[in-house]
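> What follows is a single structure, and I will ask about it in a moment.
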Amino acid sequence: MIDVGKLAAVLGSGVCSALPGLHAWSGCDTVSALASQGKIKALKLVQANDLYLQAFTDLGSSWNVPTDVFNSIQAFTCQLYARNTKIVGANSLRYHMFCAKKGQIESGQLPPCEDSLMQHTLRANYQAAIWRRSLKNLPDVPAPSAGHGWELDDGGSLKIRWMAGLPAPDVVLNLISCTCRRTCRPSDCSCILNGLKCTVVCKLQGCSNMVQDDAIVAQDANDSDGDSDD
Ligand SMILES: [Zn+2]
Ligand SMILES: [Zn+2]
């Protein structure tokens, strides 16, 4: 059994006040975690930096995320992905890490873009706000789809709002292409992984992921063995 009283005394009241925000933000039952970012590193960062400690203490104190809180969390996110970086903007760090690796980096190794980090932070804030009101009788809780990182699908079910804007300008999305050689498979085709149809700029023409076009007839009978060329 964990002695909560003892644990709280060791952590100190400052860190304890930040825990609901930090736990929600770093992944809980209702809020996803950032790929390969665990809780220990996040906790250590918060314990070492008063600005981050304050941001997670503030997370969930209201139903909105104030700009200064988000900016601190954005800087904190940069430290998670690149310790001691001077960069404090998620988009800027994504760009720098992508360039430093000359593009040879998986999207999961990059920090989320600012847009999706904001949606993630809104969800964490919403969850932390509910926890912080756990002793309140009948708390006034807004709908999660009212700008808190979730939205309703066509059937009225709640779904995660991964981002508020487009993942890239339309013109760029149209230019994303894959380099699959024999088959385009959900496991490794960058077009399928990005939820896109293959286009004429892809290496393989006539794959099953292409928009059906009378001019292009898939002839991949030889590719049913599912082996990998990569
Ligand atoms: Zn492909
Ligand atoms: Zn493709």
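Identifiers in this document derive from the order of the structure tokens: chains are assigned A, B, ..., residues are numbered from 1 separately in each chain, and ligands are numbered from 1 in order of occurrence.
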Just want the residues within 7 Å of ligand 2, written as a PDB file with C-alpha atoms, in the first residue's frame, counting only C-alpha atoms and all ligand atoms.

ATOM      1  CA  SER A 177       3.822  10.779 -52.094  1.00  0.00           C
ATOM      2  CA  CYS A 178       5.048   7.355 -51.076  1.00  0.00           C
ATOM      3  CA  THR A 179       7.971   5.303 -52.271  1.00  0.00           C
ATOM      4  CA  CYS A 184       0.990  -0.010 -50.691  1.00  0.00           C
ATOM      5  CA  CYS A 189       2.794   3.231 -46.922  1.00  0.00           C
ATOM      6  CA  SER A 190       3.153   6.923 -45.990  1.00  0.00           C
ATOM      7  CA  CYS A 191       0.084   7.806 -48.052  1.00  0.00           C
ATOM      8  CA  LYS A 197      -4.960   8.336 -51.527  1.00  0.00           C
ATOM      9  CA  CYS A 198      -1.924   7.567 -53.655  1.00  0.00           C
ATOM     10  CA  THR A 199      -1.431   9.897 -56.576  1.00  0.00           C
ATOM     11  CA  CYS A 202       3.870   8.125 -55.916  1.00  0.00           C
TER      12      CYS A 202
END
> Identify, on the basis of only C-alpha atoms, every residue whose closest approach to A:Ser26 does not exceed 10 Å; exclude the query and any residue fewer than 4 positions from it along the same chain; express the result as a ChimeraX atom specification.
/A:21-22,31-34,37-40,42-43,120-121,124
> Show me, as a PDB file with N, CA, C and O atoms, in the first residue's frame, the residues that have an atom within 10 Å of A:Pro167 when counting only C-alpha atoms, minus same-chain residues fewer than 5 positions from it.

ATOM      1  N   CYS A 113       2.612  19.306 -33.471  1.00  0.00           N
ATOM      2  CA  CYS A 113       2.618  20.700 -33.915  1.00  0.00           C
ATOM      3  C   CYS A 113       1.812  21.521 -32.903  1.00  0.00           C
ATOM      4  O   CYS A 113       1.070  20.976 -32.076  1.00  0.00           O
ATOM      5  N   ASP A 115      -0.765  23.334 -33.123  1.00  0.00           N
ATOM      6  CA  ASP A 115      -2.214  23.154 -33.228  1.00  0.00           C
ATOM      7  C   ASP A 115      -2.665  21.912 -32.457  1.00  0.00           C
ATOM      8  O   ASP A 115      -3.564  21.968 -31.608  1.00  0.00           O
ATOM      9  N   SER A 116      -2.021  20.783 -32.724  1.00  0.00           N
ATOM     10  CA  SER A 116      -2.488  19.568 -32.051  1.00  0.00           C
ATOM     11  C   SER A 116      -2.059  19.556 -30.587  1.00  0.00           C
ATOM     12  O   SER A 116      -2.744  18.966 -29.742  1.00  0.00           O
ATOM     13  N   TRP A 162      -8.227  16.145 -33.153  1.00  0.00           N
ATOM     14  CA  TRP A 162      -6.763  16.088 -33.165  1.00  0.00           C
ATOM     15  C   TRP A 162      -6.153  17.435 -33.488  1.00  0.00           C
ATOM     16  O   TRP A 162      -5.120  17.805 -32.969  1.00  0.00           O
ATOM     17  N   VAL A 172       0.260  21.142 -50.358  1.00  0.00           N
ATOM     18  CA  VAL A 172       1.292  20.240 -49.853  1.00  0.00           C
ATOM     19  C   VAL A 172       0.735  18.826 -49.708  1.00  0.00           C
ATOM     20  O   VAL A 172       1.375  17.842 -50.080  1.00  0.00           O
ATOM     21  N   LEU A 173      -0.491  18.735 -49.175  1.00  0.00           N
ATOM     22  CA  LEU A 173      -1.109  17.414 -49.015  1.00  0.00           C
ATOM     23  C   LEU A 173      -1.180  16.690 -50.353  1.00  0.00           C
ATOM     24  O   LEU A 173      -0.970  15.480 -50.430  1.00  0.00           O
ATOM     25  N   ASN A 194      -1.012   8.461 -43.657  1.00  0.00           N
ATOM     26  CA  ASN A 194      -1.489   9.839 -43.520  1.00  0.00           C
ATOM     27  C   ASN A 194      -2.944   9.992 -43.948  1.00  0.00           C
ATOM     28  O   ASN A 194      -3.451  11.109 -44.050  1.00  0.00           O
TER      29      ASN A 194
END
> Which of these, A:Arg185, A:His96, A:Lys44, A:Lys102, has the shortest distance to A:Phe76 once you count only C-alpha atoms?
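For A:Phe76, the nearest of the given residues is A:Lys44.
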> Select, from A:Ala164, A:Gly108, A:Ala75, A:Asp68, the residue with the minimum atom-to-atom distance to A:Ser92, counting only C-alpha atoms.
A:Ala75
